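Shown next, in structure tokens, is the structure this report addresses.
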Amino acid sequence: MRARILLLAAIVALMGAAPALADVRSEARAQVEFGIAVAQRGLWKEALYRWERATEIDPTYAAAYNNLAVAYEQLGDFEKARSAYEKALEIEPNNLTIRQNYDLFKEINDRKIRGSDR
Amino acid sequence: MTARSGVLIVSVLAGFLATACTSFYEVPIETPIQPKLDVTNYSRVLIAGFVAGGSDEVDANIETVRLLRSQLRSKSDLRVIEADVLPLIEIAQEQAREAAADSENPGLPDKIGSENDLEAYERVFANVDYWKRLGEEYQNPLIVTGTILFAPHQRSGFVTREREVYDQFGRRVTQPVRTYMERKGFILRPKFMFIDGRTGATLYSETFREEVLYNAQQNTPALSSYFELMDRLLPNFLNTLSAQKIRGTRILLK
């Protein structure tokens, strides 16, 4: 009986929290969408700001980290790009799109490292 | 509301929904790669000449100087100095003779056929006074020099090739087949040295190695192989002196 009450309480708590979680995601999503719109117009610094905001609002949003990594790549900040890609893959390890972006990034980054090692 | 306006509204709505539901956006990006060498103190570059050898069919010294000058003219902010190409082998032999005070035995191989032969010539790059004098002559530019080995090369062994066959339905398909082949081609091994024309000191050096192999029956001119191999390493050479942008695409997610 007690277990049932606890389960019920947990469900109620989750149901109460769900709208809050949804709000967080939709707020982050709005930032991500705005970032995409400005990136498509070449405004990468603004896009970067939006995607940074999105990851602050929802630190579990893999797409925001993926986009953030792309923006860092475009702006030449390889260390931050790597760390953003790795964070995105940590959240969604099976996301093939993020994996593909990361592989392309690594190709360029490895070339840069090979160059500076010589 | 007519049937036509109904169709229009539905198609606009469908378009809007499709846009709203799309979660992949392919965008072009240009990744900037910073130059490996800080050349902000130089406004001019002298591609002086190279100790080159390996093949009699191509004068790798002349060809490399011409190619690098033309590339730097269009892809770098540095002004390229037009000057006679240095016969660096003769200069190195002369310097070695003077150092040894023995006109008969300068200690350098007359013919360059291997990497070891080239290494013996590398002493010329350590002659700071010589490069400083050359720098003064051209008002202290950045000097690019080095060694180039462009040598014929052959290799035999098993290689995997694609063979086209027709399957039971008459469709053309390719199958991997391992065959023994004799192949010949060329090796290009340049070592680029970047020397400060004010001090004569070496700032940076970079070595590359590329090779190309063709079917033994194929007759590819040596000069075309030389350009094919140089094409592969030019972006890396240019990236030493100027920022390069690598174009690509990435997928943005929603």
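Following the order of the structure tokens, first chain is A, next is B, and so on, with residues numbered from 1 inside each chain and ligands from 1 in the order they appear.
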*Just need the residues of chain A within 9 Å of chain B, counting only C-alpha atoms, so spit them out as JSON, numbers by chain.*
{"A": [29, 32, 33, 36, 39, 40, 62, 63, 64, 66, 67, 70, 71, 73, 74, 75, 76, 97, 98, 100, 101, 104, 108, 111, 112, 115, 116, 118]}
*Return as a PyMOL selection string the full set of residues in region 4-232 of chain B whose backbone-based DSSP assignment is strand (DSSP E or B).*
chain B and resi 24-33+44-53+79-80+142-166+172-196+202-207+210-215
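The residue that comes closest to Arg82 (chain A), out of A:Thr60, A:Asn94, A:Asn109, A:Gln31 and on the basis of only C-alpha atoms, is A:Asn109.
For the choices B:Pro109, B:Ala60, B:Arg161, B:Leu233, the atom-to-atom distance to Thr174 (chain B) is smallest for B:Arg161 when using only C-alpha atoms.
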*Expressed in Å to a single decimal, how great is the separation between CA of Asp103 (chain A) and CA of Thr160 (chain B)?*
26.4 Å
*Can you list, as a PyMOL selection string, every residue of region 5-245 of chain B that DSSP puts in helix (DSSP H, G or I)?*
chain B and resi 5-21+60-75+88-100+115-126+128-137+222-241
Just the residues within 7 Å of region 138-147 of chain B, please, counting only C-alpha atoms, with nothing from its chain fewer than 4 positions along; format it as a compact mmCIF listing (two decimals) with C-alpha atoms, in the first residue's frame.
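See result.txt below for the written result:
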# COMPACT_ATOMS: atom_id res chain seq x y z
CA TYR B 42 57.41 40.85 -43.66
CA ARG B 44 57.91 40.66 -49.27
CA VAL B 45 58.95 37.10 -49.93
CA LEU B 46 61.88 35.77 -51.95
CA ILE B 47 61.54 32.25 -53.29
CA ALA B 48 65.29 31.92 -53.67
CA GLY B 49 65.91 28.44 -55.07
CA PHE B 50 66.24 24.84 -54.00
CA VAL B 51 68.81 22.09 -53.81
CA ALA B 52 67.01 19.71 -56.12
CA LEU B 118 70.28 15.87 -50.15
CA LEU B 134 71.14 37.67 -49.55
CA PRO B 190 60.32 18.65 -50.55
CA LYS B 191 61.69 20.27 -47.42
CA PHE B 192 60.76 23.94 -47.28
CA MET B 193 62.94 26.23 -45.18
CA PHE B 194 61.74 29.68 -44.15
CA ILE B 195 64.62 32.03 -43.41
CA ASP B 196 64.54 35.50 -41.88
CA GLY B 197 66.22 37.81 -44.40
CA ARG B 198 67.28 40.21 -41.61
*asked:* Need to verify the contact set: region 124-129 of chain B, 8 Å, only C-alpha atoms, exclusion of same-chain residues closer than 3 positions in sequence. Can you return it as a PyMOL selection string?
replied: chain B and resi 92+95+121+132-133+146+199-202
*Near Glu228 (chain B), counting only C-alpha atoms, which residues have an atom at most 10 Å away, once you skip same-chain residues fewer than 5 positions from it, shown as a PyMOL selection string?*
chain B and resi 188+210-212+222-223+233
May I have the residues from that selection written out with C-alpha atoms, as a tab-separated table (two decimals), in the first residue's frame?
chain	number	residue	atom	x	y	z
B	188	LEU	CA	58.29	13.98	-54.31
B	210	GLU	CA	54.07	12.35	-51.68
B	211	GLU	CA	54.20	9.53	-54.18
B	212	VAL	CA	52.26	8.48	-57.23
B	222	ALA	CA	57.54	13.27	-65.41
B	223	LEU	CA	56.55	16.95	-65.42
B	233	LEU	CA	50.88	19.62	-50.84
